[in-house]
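**Student:** Handing you this structure, nothing more for now.
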Amino acid sequence: MTDNKNLARFLLTFFLGFIGSIVINHSSLKPEGYTSRTTAYFFLSIVTFGIYGLVASICNLVFDPTKDNNIGYKKD
């Protein structure tokens with residue numbers, strides 16, 4: 001089940017970027033105990049010409065809730 005959520009977060013972030021981050025943050029796709037850094041997705045993707053969005057998408061695919069640090073997320 002977790003793999004499906006990671007894949008869904010990857011696809012939303014990769015194809016929808018900022019909007020996908022909002023959807024993730026306000027749905028069951030949000031990892032328990034974490035908040036998506038929605039504003040960071042928007043500004044960093046613009047500044048890095050989409051590279052941050054790609055990196056964050058890949059990190060959503062390999063998201064590990066046991067880690068203290070996950071790119072694009074912060075602990076609640």
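As shown in the structure tokens, the chain order sets the letters A, B, ...; within each chain, residues go from 1, and ligands are also counted from 1 in the order they appear.
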Which polymer residues have any atom within 10 Å of an atom of A:Arg37, counting only C-alpha atoms, with same-chain residues fewer than 4 positions away left out, as a PyMOL selection string?
**Tutor:** chain A and resi 18+21-22+25+41-42+71-74
**Student:** Assign secondary structure with DSSP using the backbone only, and return the residues of stretch 10-70 of chain A in helix (DSSP H, G or I) as an NGL selection string.
**Tutor:** :A and (10-16 or 18-25 or 38-47 or 51-61)
**Student:** Just checking: using only C-alpha atoms, which residue out of A:Gly33, A:Cys59, A:Lys75, A:Asp64 ends up closest to A:Arg9?
**Tutor:**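 With only C-alpha atoms as the atom set, the closest residue is A:Cys59.
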**Student:** Please run DSSP on the backbone and report, as a list in words, all residues within chain A that come out as strand (DSSP E).
**Tutor:** Tyr34, Thr35, Ser36, Tyr73, Lys74 and Lys75 of chain A
**Student:** Okay, now the selection with all heavy atoms, as a PDB file, in the first residue's frame?
**Tutor:**
```pdb
ATOM      1  N   TYR A  34       3.815  14.175   8.661  1.00  0.00           N
ATOM      2  CA  TYR A  34       4.576  15.097   7.814  1.00  0.00           C
ATOM      3  C   TYR A  34       3.661  16.124   7.168  1.00  0.00           C
ATOM      4  O   TYR A  34       2.480  15.879   6.963  1.00  0.00           O
ATOM      5  CB  TYR A  34       5.301  14.347   6.693  1.00  0.00           C
ATOM      6  CG  TYR A  34       6.519  13.608   7.143  1.00  0.00           C
ATOM      7  CD1 TYR A  34       6.415  12.331   7.667  1.00  0.00           C
ATOM      8  CD2 TYR A  34       7.778  14.188   7.071  1.00  0.00           C
ATOM      9  CE1 TYR A  34       7.531  11.645   8.098  1.00  0.00           C
ATOM     10  CE2 TYR A  34       8.896  13.507   7.490  1.00  0.00           C
ATOM     11  CZ  TYR A  34       8.772  12.236   8.001  1.00  0.00           C
ATOM     12  OH  TYR A  34       9.876  11.560   8.421  1.00  0.00           O
ATOM     13  N   THR A  35       4.218  17.260   6.817  1.00  0.00           N
ATOM     14  CA  THR A  35       3.529  18.297   6.058  1.00  0.00           C
ATOM     15  C   THR A  35       4.345  18.563   4.808  1.00  0.00           C
ATOM     16  O   THR A  35       5.563  18.681   4.866  1.00  0.00           O
ATOM     17  CB  THR A  35       3.418  19.602   6.871  1.00  0.00           C
ATOM     18  OG1 THR A  35       2.733  19.310   8.079  1.00  0.00           O
ATOM     19  CG2 THR A  35       2.663  20.660   6.111  1.00  0.00           C
ATOM     20  N   SER A  36       3.653  18.646   3.671  1.00  0.00           N
ATOM     21  CA  SER A  36       4.332  18.927   2.411  1.00  0.00           C
ATOM     22  C   SER A  36       4.760  20.394   2.384  1.00  0.00           C
ATOM     23  O   SER A  36       4.036  21.262   2.844  1.00  0.00           O
ATOM     24  CB  SER A  36       3.383  18.637   1.250  1.00  0.00           C
ATOM     25  OG  SER A  36       3.992  18.924   0.031  1.00  0.00           O
ATOM     26  N   TYR A  73       9.354  17.602   2.516  1.00  0.00           N
ATOM     27  CA  TYR A  73       8.484  17.379   3.666  1.00  0.00           C
ATOM     28  C   TYR A  73       9.168  17.840   4.935  1.00  0.00           C
ATOM     29  O   TYR A  73      10.378  17.852   5.034  1.00  0.00           O
ATOM     30  CB  TYR A  73       8.137  15.889   3.820  1.00  0.00           C
ATOM     31  CG  TYR A  73       7.231  15.401   2.730  1.00  0.00           C
ATOM     32  CD1 TYR A  73       7.755  14.858   1.578  1.00  0.00           C
ATOM     33  CD2 TYR A  73       5.864  15.526   2.842  1.00  0.00           C
ATOM     34  CE1 TYR A  73       6.935  14.429   0.556  1.00  0.00           C
ATOM     35  CE2 TYR A  73       5.023  15.091   1.835  1.00  0.00           C
ATOM     36  CZ  TYR A  73       5.570  14.548   0.694  1.00  0.00           C
ATOM     37  OH  TYR A  73       4.756  14.137  -0.299  1.00  0.00           O
ATOM     38  N   LYS A  74       8.337  18.194   5.912  1.00  0.00           N
ATOM     39  CA  LYS A  74       8.844  18.510   7.237  1.00  0.00           C
ATOM     40  C   LYS A  74       7.964  17.798   8.253  1.00  0.00           C
ATOM     41  O   LYS A  74       6.786  17.537   7.994  1.00  0.00           O
ATOM     42  CB  LYS A  74       8.858  20.013   7.490  1.00  0.00           C
ATOM     43  CG  LYS A  74       7.493  20.656   7.467  1.00  0.00           C
ATOM     44  CD  LYS A  74       7.558  22.134   7.704  1.00  0.00           C
ATOM     45  CE  LYS A  74       6.154  22.718   7.614  1.00  0.00           C
ATOM     46  NZ  LYS A  74       6.102  24.096   7.957  1.00  0.00           N
ATOM     47  N   LYS A  75       8.544  17.456   9.387  1.00  0.00           N
ATOM     48  CA  LYS A  75       7.772  16.797  10.448  1.00  0.00           C
ATOM     49  C   LYS A  75       6.787  17.800  11.023  1.00  0.00           C
ATOM     50  O   LYS A  75       7.086  18.971  11.182  1.00  0.00           O
ATOM     51  CB  LYS A  75       8.712  16.306  11.563  1.00  0.00           C
ATOM     52  CG  LYS A  75       9.504  15.107  11.163  1.00  0.00           C
ATOM     53  CD  LYS A  75       8.980  13.911  11.877  1.00  0.00           C
ATOM     54  CE  LYS A  75       9.950  12.763  11.643  1.00  0.00           C
ATOM     55  NZ  LYS A  75       9.385  11.517  12.074  1.00  0.00           N
TER      56      LYS A  75
END
```
**Student:** So the first atom is atom CA of A:Leu16 and the second is atom CA of A:Asn4; what is the distance between them in Å, to one decimal place?
**Tutor:**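 Going from atom CA of A:Leu16 over to atom CA of A:Asn4 covers 17.5 Å.
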